[in-house]
Every structure is written in structure tokens, then in C-alpha cells.
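**Student:** Mind looking over this structure? Questions follow.
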Amino acid sequence: MPTLMIQGATSDAGKSVLATGLCRWLKRQGLAVAPFKPQNMALNSAVTQDGGEIGRAQAVQAQAAGLEPTSDMNPILLKPNSETGAQIIVQGRAIGEMEAKTFHAYKPIAQKAVLESYYRLASLYPYIIVEGAGSPAEVNLRAGDIANMGFAEAVDCPVILVADIEKGGVFAHLAGTLMVLAESEKNRIKGFVVNRFRGDVSILRPGLTWLTDFTAKPVFGVLPYLLGFHLEAEDAVDGRQAPKVDPFKVTVPITPRISNHTDFDPLRLNPKVEVNFARPGQKFPPADLIILAGSKSVRSDLAFLEAQGWDQILKRHLRYGGKILGLCGGYQMLGQAVHDPRGLESQPGSTLGLGFLDLETTLEPEKQLINVQGQLNLDSKPLVKGYEIHAGVTTGPDLKRPLITRADGRPDGAISLDDQVAGCYLHGIFENPAGCQALLKWAGLTEPPLLDYWSLREGSIDLLADSLEKHLDLTAILRVLNDQPN
């Protein structure tokens, strides 16, 4: 089964970027290809067509391959809820919370799920592009590894190692990673890719020659830093955006367990909108609209928000006529209280909410995972679609004024009586051009432009594939994928 794994010399080296680009390039060649990531640790997730939960990076890679995402594309997803613990998602379903040591002991069981998903996927698609996690140089994690070389050894697939030159020391990253691997793992690495290079590549060539001579492995190419390129961040908050003239200002507070902050990418890319992230210890940026994001641990993030004094800033914002929008966990924070009687996210108990909506939320063991379509109950009544990922059940009088009426007739979210506060569970709401336009108009932007985020993402994936065609030896990479000698 032709399978190629992309591993990184460091975290954020470009694994997702290279895997996404290869999926699109192979699709262009008329080859049926599917993405796969054995284990992912991220708070940005997506709902699949089979009702499971996977990392957003694999959902984007599925788009690059022309597929609907499925749970098998990312069989193990870890969603951190503390410094040492995480919720464990296996083949799309949450099985519980584990501390790091407990999960390490659980890995042999997780490996069975990983291989089961891989072989099921490989029975459907003749080509598989696999993304590793972190780096195989993390030798402390090698025992029982299912994310990098442990997986590659189990399925006997070749590996390409990628490094980000912007981090500095790129030759040490690549050569050093190779040096700490076992002999069979070294043999598995078929070559290197250097990512995000700026400048004249001829200046880099002596180093590339040295690397090839030192390791006896080829460099498949050097990918340039792409301007005007957007691909959703796998985990880290991405605040990059082009300068804008007299923009409408949106501020998003950053809490320790913020999740699905990719919700705001369509706003960052909107030519009339500037998105700023409020961070601890820094001045809270001025805002026309404040958005409370999703959270993996709503009660603790709510306590953090209040400890920063941001609750008082929110109240002042409303007194001066500003608007506040809450998404998923942020929507729950807007209510009167959040109850966790079973201790699903933290210690059992209840936490007072911000009190901006007359609602209460109780966390239940069964997580809601659903793709949703409906109508946004604002002036133009646009149709919207997105996905819900939450454990909370929300009740209260303000549900009589829902922000969204789902296609099945059920209400989603609420709008305050004074029309200053709104919230809902729908992730991806800003990806709907007309829905995004209506929400920005509600928030106070008089002439919000339409932004087709899906097409913009398609354009970026195509730009990435074009860059791979121009700068990588894809003929050699295809030989590696087909397990043919160079």
C-alpha cells in the first residue's frame, strides 16, 4: 500500500503544510489519496461526516484530497485540559480523561485503533499521506510511540523529514534528528525538505550539499516562504494579518484552554476587519466587537477571564454600546451559570457565568458532535452551516430568541433582549459569506464585504501545490511513495 509519512525535525516544521500540498498534488495527478495522522494533540477540531471528531488539520487535508473527512483520518486526538491531562478521542469518540502517564500506558491499546483505522483507510484509497506529530527526535517518547517512527515501523513506510529554516539551525535540526534515531529508523528516512526559506537559494546550496554528503540522503527541495498564503493553524493561535485602513476592530480574549480559534480566520482575512487577541498581562485592545471563543475547560477559563479583570472590561464595553458574541464555550460563559456535577472538565461544582444572557448550562457525559445547517435569525435571515462540538446542555428563557434556527427546527443560541449580546454553539459560522456579513452588520460594521472563505482556502491549497511542483523533486518523491529505488 503506497504510504508516505511526513515527520518534522521540530514541532511546527511544516508537516501539515507538506502533507496538505502532497494531497492536492496527487489529486491533480488523478490519484486517489487520503490523509492520515495517527495521533494529534490539538484543541482545534472538526466534526466528520460519520459524526466523529478529528483535528482540523486533517479536515483541511481531506479538502485538499477532494474528500469529506472521516474519523479514520485521525484515530487518536488528545485535547489538553490541564498541564498534564487531556481528553482522549479514539476513532472520533471521547473515551475519557487521562493524565500523561496513564495515556503512556494506554498506548498499546491506542496503537490497535491506529492500525485498524489506517488499514481501513488504505483499503479504500491506494495512496496515503501520513503526518507525524512533534518530532521523532523526542527520544523520551520513543517507547510505545504511535505518532512518528513507531507508526512508520509498524506499517513499514518511508519517511520524509522536514525542517523550518526560520527557526534557525536547520542543518543541525535535520542531521541531529537523524543521529538520535535507531538504525532501522534512519534507513526509513529517504530525504529532506527545507521549509519557509526567504532569499536567494543559491546561498543555501553549500549547506544542502554538506547535508547530503554528511547523511548520504538527498534534499528533495527547498520550499519558499509563501506570501498571501493561508492554512489553518493546527494548534497555535495565528494572529498574522495584513495592515488595514480604519478597520472594524474585533478582540478575542486568549484563555489557557481556548479551542477552535480557527473560527476567526475568516475575520482576520476580511479586508475591513482587524482581529486582535487579548493576552494576559497586556493592555486589552480596543474593540467594536468582543468574541468569546470556545474552551476545553469552560469553568477554569471563565475563572481565568475574571482573574484578568476582563469581565469588568466586558461590562464597560456593553455600557458604551458595544456588542459581544460567544461561540460554544464562550456562549456558555455568557449565561448565568455553568454546572459540572460529574466533574467532566474539572472538579465537580458550579461557576457563576457573566450573566449577560438568561441561560444556564449543565455539562453532560455525552458530547454533541453534529454538522448543522440552519437560518441565522438576523435581518437578512441567511442560511448558515457549521459544526457543533460540546458537552453542555443549555436551557433558559433567552432560548426563545435563538440566534440560529436549525434545519430540524431546534433553536441554537440566543440573542439578548437589548440586542447587544448573542451566542451559539456553531463553529465555522464566519465561513458562511452571507452569515459572516450579517453578523458583522449586527455588530456595527455598516458595509461588511462578502468573503468566500472556502474558495480562499482552496486558492491557498492550490498555491501550495504549485509551490511544491516548482520547488520539490516530486518525481523522486513519487518514487519513494511507490517504494521504488531512486
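Note on naming: chains are A, B, ... as they come in the C-alpha cells, residues start from 1 per chain, ligands start from 1 in the order shown.
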Leaving out segment 476-482 of chain A and any residue of its chain fewer than 5 positions from it, which residues lie within 9 Å of it when counting only C-alpha atoms, given as JSON, numbers by chain?

**Tutor:** {"A": [1, 2, 3, 4, 5, 127, 128, 129, 157, 158, 159, 160, 190, 191, 220]}

**Student:** Tell me, as a list in words, which residues lie within 6 Å of Glu360 of chain A, counting only C-alpha atoms; anything in the same chain fewer than 2 positions away does not count.

**Tutor:**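 What passes the distance filter is Gly335, Gln336, Ala337, Thr394 and Thr395 of chain A.
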
**Student:** Using only C-alpha atoms, find the one residue out of A:Ala34, A:Leu357, A:Ile6, A:Cys328 that sits nearest to Gly428 of chain A.

**Tutor:** A:Cys328

**Student:** Which residues come within 10 Å of segment 302-314 of chain A, counting only C-alpha atoms, excluding same-chain residues fewer than 4 positions away, as a JSON list (two decimals) with C-alpha atoms, in the first residue's frame?

**Tutor:**
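Done, and the output landed in out_26.json:
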```
[["chain", "number", "residue", "atom", "x", "y", "z"],
["A", 253, "PRO", "CA", -9.55, 37.13, 24.81],
["A", 254, "ILE", "CA", -6.99, 34.29, 24.93],
["A", 255, "THR", "CA", -7.67, 31.86, 27.78],
["A", 256, "PRO", "CA", -5.48, 28.85, 28.67],
["A", 257, "ARG", "CA", -7.83, 26.24, 27.13],
["A", 278, "ALA", "CA", -6.16, 39.96, 24.26],
["A", 279, "ARG", "CA", -3.38, 38.24, 26.16],
["A", 280, "PRO", "CA", -2.66, 38.08, 29.90],
["A", 281, "GLY", "CA", -0.56, 40.95, 31.23],
["A", 282, "GLN", "CA", -1.14, 43.10, 28.17],
["A", 284, "PHE", "CA", -6.88, 44.89, 26.37],
["A", 290, "ILE", "CA", -15.66, 41.22, 21.53],
["A", 295, "SER", "CA", -12.99, 26.39, 25.53],
["A", 297, "SER", "CA", -12.42, 23.80, 30.18],
["A", 298, "VAL", "CA", -15.15, 26.42, 30.44],
["A", 318, "LEU", "CA", -21.64, 46.90, 26.90],
["A", 319, "ARG", "CA", -22.26, 50.16, 28.80],
["A", 322, "GLY", "CA", -20.55, 47.56, 22.17],
["A", 323, "LYS", "CA", -21.56, 44.07, 21.09],
["A", 324, "ILE", "CA", -20.44, 40.70, 22.49],
["A", 329, "GLY", "CA", -17.76, 27.55, 25.43],
["A", 330, "GLY", "CA", -17.80, 31.34, 25.12],
["A", 332, "GLN", "CA", -21.84, 29.11, 27.85],
["A", 333, "MET", "CA", -19.82, 31.76, 29.72],
["A", 334, "LEU", "CA", -22.37, 34.43, 28.76],
["A", 338, "VAL", "CA", -22.11, 26.63, 34.23],
["A", 351, "THR", "CA", -19.44, 28.50, 38.46],
["A", 352, "LEU", "CA", -21.35, 31.74, 38.06],
["A", 353, "GLY", "CA", -21.36, 32.97, 34.48],
["A", 354, "LEU", "CA", -21.06, 36.53, 33.22],
["A", 356, "PHE", "CA", -25.29, 38.63, 30.05]]
```

**Student:** If you run DSSP on this backbone, which residues of segment 20-223 of chain A come out as helix (DSSP H, G or I), and could you give them as an MDAnalysis selection string?

**Tutor:** chainID A and resid 20:28 56:64 71:73 100:122 139:141 149:155 165:167 170:179 183:188 201:215

**Student:** Just to be explicit: take each residue in the selection above, keep C-alpha atoms, and write the result as a PDB file, in the first residue's frame.

**Tutor:**
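Output file part-v4.pdb is given in full below:
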```pdb
ATOM      1  CA  THR A  20      -1.633  19.110   2.517  1.00  0.00           C
ATOM      2  CA  GLY A  21       0.322  20.097  -0.582  1.00  0.00           C
ATOM      3  CA  LEU A  22       1.120  16.491  -1.453  1.00  0.00           C
ATOM      4  CA  CYS A  23      -2.545  15.505  -1.088  1.00  0.00           C
ATOM      5  CA  ARG A  24      -3.554  18.205  -3.560  1.00  0.00           C
ATOM      6  CA  TRP A  25      -0.701  17.414  -5.991  1.00  0.00           C
ATOM      7  CA  LEU A  26      -1.518  13.700  -6.027  1.00  0.00           C
ATOM      8  CA  LYS A  27      -5.181  14.518  -6.602  1.00  0.00           C
ATOM      9  CA  ARG A  28      -4.105  16.632  -9.583  1.00  0.00           C
ATOM     10  CA  ARG A  56      -8.783  20.414  11.913  1.00  0.00           C
ATOM     11  CA  ALA A  57      -5.520  19.905  10.008  1.00  0.00           C
ATOM     12  CA  GLN A  58      -6.754  16.527   8.757  1.00  0.00           C
ATOM     13  CA  ALA A  59     -10.100  18.054   7.749  1.00  0.00           C
ATOM     14  CA  VAL A  60      -8.205  20.589   5.614  1.00  0.00           C
ATOM     15  CA  GLN A  61      -6.021  17.812   4.174  1.00  0.00           C
ATOM     16  CA  ALA A  62      -9.194  15.926   3.278  1.00  0.00           C
ATOM     17  CA  GLN A  63     -10.348  19.029   1.392  1.00  0.00           C
ATOM     18  CA  ALA A  64      -7.001  19.070  -0.416  1.00  0.00           C
ATOM     19  CA  SER A  71     -12.805   9.654  11.868  1.00  0.00           C
ATOM     20  CA  ASP A  72     -10.239   7.178  10.494  1.00  0.00           C
ATOM     21  CA  MET A  73      -8.105  10.053   9.177  1.00  0.00           C
ATOM     22  CA  ALA A 100       0.083  11.794  30.602  1.00  0.00           C
ATOM     23  CA  LYS A 101       1.471   8.764  32.469  1.00  0.00           C
ATOM     24  CA  THR A 102      -1.840   6.926  32.154  1.00  0.00           C
ATOM     25  CA  PHE A 103      -2.004   7.591  28.432  1.00  0.00           C
ATOM     26  CA  HIS A 104       1.572   6.352  28.010  1.00  0.00           C
ATOM     27  CA  ALA A 105       0.472   3.020  29.485  1.00  0.00           C
ATOM     28  CA  TYR A 106      -2.613   3.065  27.250  1.00  0.00           C
ATOM     29  CA  LYS A 107      -0.590   3.424  24.025  1.00  0.00           C
ATOM     30  CA  PRO A 108      -0.568  -0.310  23.099  1.00  0.00           C
ATOM     31  CA  ILE A 109      -4.377  -0.195  23.020  1.00  0.00           C
ATOM     32  CA  ALA A 110      -4.292   3.091  21.118  1.00  0.00           C
ATOM     33  CA  GLN A 111      -1.901   1.532  18.589  1.00  0.00           C
ATOM     34  CA  LYS A 112      -4.519  -1.106  17.754  1.00  0.00           C
ATOM     35  CA  ALA A 113      -7.051   1.621  16.970  1.00  0.00           C
ATOM     36  CA  VAL A 114      -4.447   3.489  14.900  1.00  0.00           C
ATOM     37  CA  LEU A 115      -3.608   0.435  12.782  1.00  0.00           C
ATOM     38  CA  GLU A 116      -7.257  -0.535  12.415  1.00  0.00           C
ATOM     39  CA  SER A 117      -8.080   2.940  11.059  1.00  0.00           C
ATOM     40  CA  TYR A 118      -5.024   3.001   8.811  1.00  0.00           C
ATOM     41  CA  TYR A 119      -5.751  -0.339   7.177  1.00  0.00           C
ATOM     42  CA  ARG A 120      -9.422   0.544   6.759  1.00  0.00           C
ATOM     43  CA  LEU A 121      -8.442   3.787   5.050  1.00  0.00           C
ATOM     44  CA  ALA A 122      -5.797   2.039   2.932  1.00  0.00           C
ATOM     45  CA  VAL A 139      13.625  10.133  22.306  1.00  0.00           C
ATOM     46  CA  ASN A 140      11.937  10.289  25.712  1.00  0.00           C
ATOM     47  CA  LEU A 141       8.672   9.427  23.925  1.00  0.00           C
ATOM     48  CA  MET A 149       8.657   6.215  13.959  1.00  0.00           C
ATOM     49  CA  GLY A 150       6.604   3.737  15.979  1.00  0.00           C
ATOM     50  CA  PHE A 151       3.878   4.001  13.372  1.00  0.00           C
ATOM     51  CA  ALA A 152       6.272   4.071  10.418  1.00  0.00           C
ATOM     52  CA  GLU A 153       7.948   0.880  11.650  1.00  0.00           C
ATOM     53  CA  ALA A 154       4.598  -0.807  12.274  1.00  0.00           C
ATOM     54  CA  VAL A 155       3.364  -0.272   8.695  1.00  0.00           C
ATOM     55  CA  ILE A 165      14.652  27.280   8.334  1.00  0.00           C
ATOM     56  CA  GLU A 166      13.064  30.273  10.088  1.00  0.00           C
ATOM     57  CA  LYS A 167      13.722  28.593  13.436  1.00  0.00           C
ATOM     58  CA  VAL A 170      18.164  23.964  10.049  1.00  0.00           C
ATOM     59  CA  PHE A 171      21.125  21.695   9.196  1.00  0.00           C
ATOM     60  CA  ALA A 172      21.628  20.795  12.849  1.00  0.00           C
ATOM     61  CA  HIS A 173      17.890  20.050  13.148  1.00  0.00           C
ATOM     62  CA  LEU A 174      17.954  17.639  10.216  1.00  0.00           C
ATOM     63  CA  ALA A 175      21.331  15.976  10.845  1.00  0.00           C
ATOM     64  CA  GLY A 176      20.781  15.885  14.606  1.00  0.00           C
ATOM     65  CA  THR A 177      17.364  14.264  14.280  1.00  0.00           C
ATOM     66  CA  LEU A 178      18.884  11.576  12.098  1.00  0.00           C
ATOM     67  CA  MET A 179      21.673  10.944  14.598  1.00  0.00           C
ATOM     68  CA  GLU A 183      19.464   2.338  12.584  1.00  0.00           C
ATOM     69  CA  SER A 184      16.237   0.980  11.107  1.00  0.00           C
ATOM     70  CA  GLU A 185      14.596   4.387  11.595  1.00  0.00           C
ATOM     71  CA  LYS A 186      17.498   6.197   9.913  1.00  0.00           C
ATOM     72  CA  ASN A 187      17.122   3.886   6.919  1.00  0.00           C
ATOM     73  CA  ARG A 188      13.434   4.722   6.795  1.00  0.00           C
ATOM     74  CA  VAL A 201      18.508  29.742  -2.630  1.00  0.00           C
ATOM     75  CA  SER A 202      21.986  29.632  -4.210  1.00  0.00           C
ATOM     76  CA  ILE A 203      23.363  30.937  -0.902  1.00  0.00           C
ATOM     77  CA  LEU A 204      21.873  27.876   0.787  1.00  0.00           C
ATOM     78  CA  ARG A 205      23.287  25.336  -1.669  1.00  0.00           C
ATOM     79  CA  PRO A 206      26.670  24.732   0.061  1.00  0.00           C
ATOM     80  CA  GLY A 207      24.759  23.731   3.191  1.00  0.00           C
ATOM     81  CA  LEU A 208      22.456  21.448   1.218  1.00  0.00           C
ATOM     82  CA  THR A 209      25.490  19.793  -0.387  1.00  0.00           C
ATOM     83  CA  TRP A 210      27.089  19.321   3.030  1.00  0.00           C
ATOM     84  CA  LEU A 211      23.849  17.808   4.411  1.00  0.00           C
ATOM     85  CA  THR A 212      23.645  15.329   1.536  1.00  0.00           C
ATOM     86  CA  ASP A 213      27.304  14.354   1.925  1.00  0.00           C
ATOM     87  CA  PHE A 214      27.078  14.076   5.716  1.00  0.00           C
ATOM     88  CA  THR A 215      23.879  11.998   5.798  1.00  0.00           C
TER      89      THR A 215
END
```

**Student:** In Å, rounded to a single decimal, give me how far atom CA of Pro75 of chain A is from atom CA of Pro348 of chain A.

**Tutor:**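 These two atoms are separated by 29.1 Å.
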
**Student:** Given only C-alpha atoms as the basis, pick out the residue of A:Asp412, A:Leu369, A:Lys37, A:Ala147 nearest to Arg93 of chain A.

**Tutor:**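 Of A:Asp412, A:Leu369, A:Lys37, A:Ala147, the one nearest Arg93 of chain A, counting only C-alpha atoms, is A:Leu369.
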
**Student:** To test your reading of the structure, identify every residue in segment 241-370 of chain A that backbone DSSP assigns to strand (DSSP E or B), and report it as a PyMOL selection string.

**Tutor:** chain A and resi 248-253+258-259+273-278+289-292+294-295+323-327+337-340+349-352+360-370

**Student:** Quick one: residues within 9 Å of Asn81 of chain A, only C-alpha atoms counted, chain neighbours fewer than 3 positions away excluded, as number ranges by chain?

**Tutor:** A: 84-87, 97, 256-257, 296-297, 345-346

**Student:** Work out how far apart atom CA of Leu376 of chain A and atom CA of Ile404 of chain A are and give it in Å to one decimal.

**Tutor:**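 These atoms are spaced 4.6 Å apart.
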
**Student:** Can you tell me which residues surround Phe248 of chain A at a distance of at most 8 Å, considering only C-alpha atoms, apart from same-chain residues fewer than 3 positions away, and format the answer as a PDB file with N, CA and C atoms, in the first residue's frame?

**Tutor:**
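Final output, saved to part_8.pdb:
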```pdb
ATOM      1  N   LYS A 272     -11.918  44.436   5.767  1.00  0.00           N
ATOM      2  CA  LYS A 272     -12.459  45.524   6.590  1.00  0.00           C
ATOM      3  C   LYS A 272     -12.381  45.248   8.092  1.00  0.00           C
ATOM      4  N   VAL A 273     -11.805  44.081   8.456  1.00  0.00           N
ATOM      5  CA  VAL A 273     -11.830  43.657   9.860  1.00  0.00           C
ATOM      6  C   VAL A 273     -10.412  43.428  10.373  1.00  0.00           C
ATOM      7  N   GLU A 274     -10.149  43.909  11.583  1.00  0.00           N
ATOM      8  CA  GLU A 274      -8.877  43.648  12.271  1.00  0.00           C
ATOM      9  C   GLU A 274      -9.171  42.835  13.522  1.00  0.00           C
ATOM     10  N   ALA A 287     -12.059  47.618  20.992  1.00  0.00           N
ATOM     11  CA  ALA A 287     -12.889  46.714  20.193  1.00  0.00           C
ATOM     12  C   ALA A 287     -14.236  47.326  19.867  1.00  0.00           C
ATOM     13  N   ASP A 288     -14.714  47.042  18.665  1.00  0.00           N
ATOM     14  CA  ASP A 288     -16.112  47.271  18.308  1.00  0.00           C
ATOM     15  C   ASP A 288     -16.944  46.049  18.678  1.00  0.00           C
ATOM     16  N   LEU A 445     -20.664  47.004  11.753  1.00  0.00           N
ATOM     17  CA  LEU A 445     -19.959  47.334  10.518  1.00  0.00           C
ATOM     18  C   LEU A 445     -20.994  47.623   9.430  1.00  0.00           C
TER      19      LEU A 445
END
```

**Student:** Restricting the calculation to only C-alpha atoms, which member of A:Leu363, A:Ile89, A:Leu78, A:Val219 is positioned closest to Asp473 of chain A?

**Tutor:**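 Checking each candidate against Asp473 of chain A, we get A:Val219 as the closest.
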
**Student:** What's the 6 Å shell around Ile415 of chain A, counting only C-alpha atoms, without same-chain residues fewer than 6 positions away, as a VMD selection string?

**Tutor:** chain A and resid 401 403 421 to 422

**Student:** Taking C-alpha atoms for each residue, export the selection above as a compact mmCIF listing (two decimals), in the first residue's frame.

**Tutor:**
```txt
# COMPACT_ATOMS: atom_id res chain seq x y z
CA ARG A 401 -34.80 34.39 20.94
CA LEU A 403 -29.51 33.26 17.14
CA VAL A 421 -25.20 40.08 23.32
CA ALA A 422 -25.55 36.90 21.29
```

**Student:** Could you name the residues that touch Glu388 of chain A at 7 Å or less, counting only C-alpha atoms, but leaving out those on the same chain fewer than 3 positions away, as a VMD selection string?

**Tutor:** chain A and resid 368 to 371 425 to 427
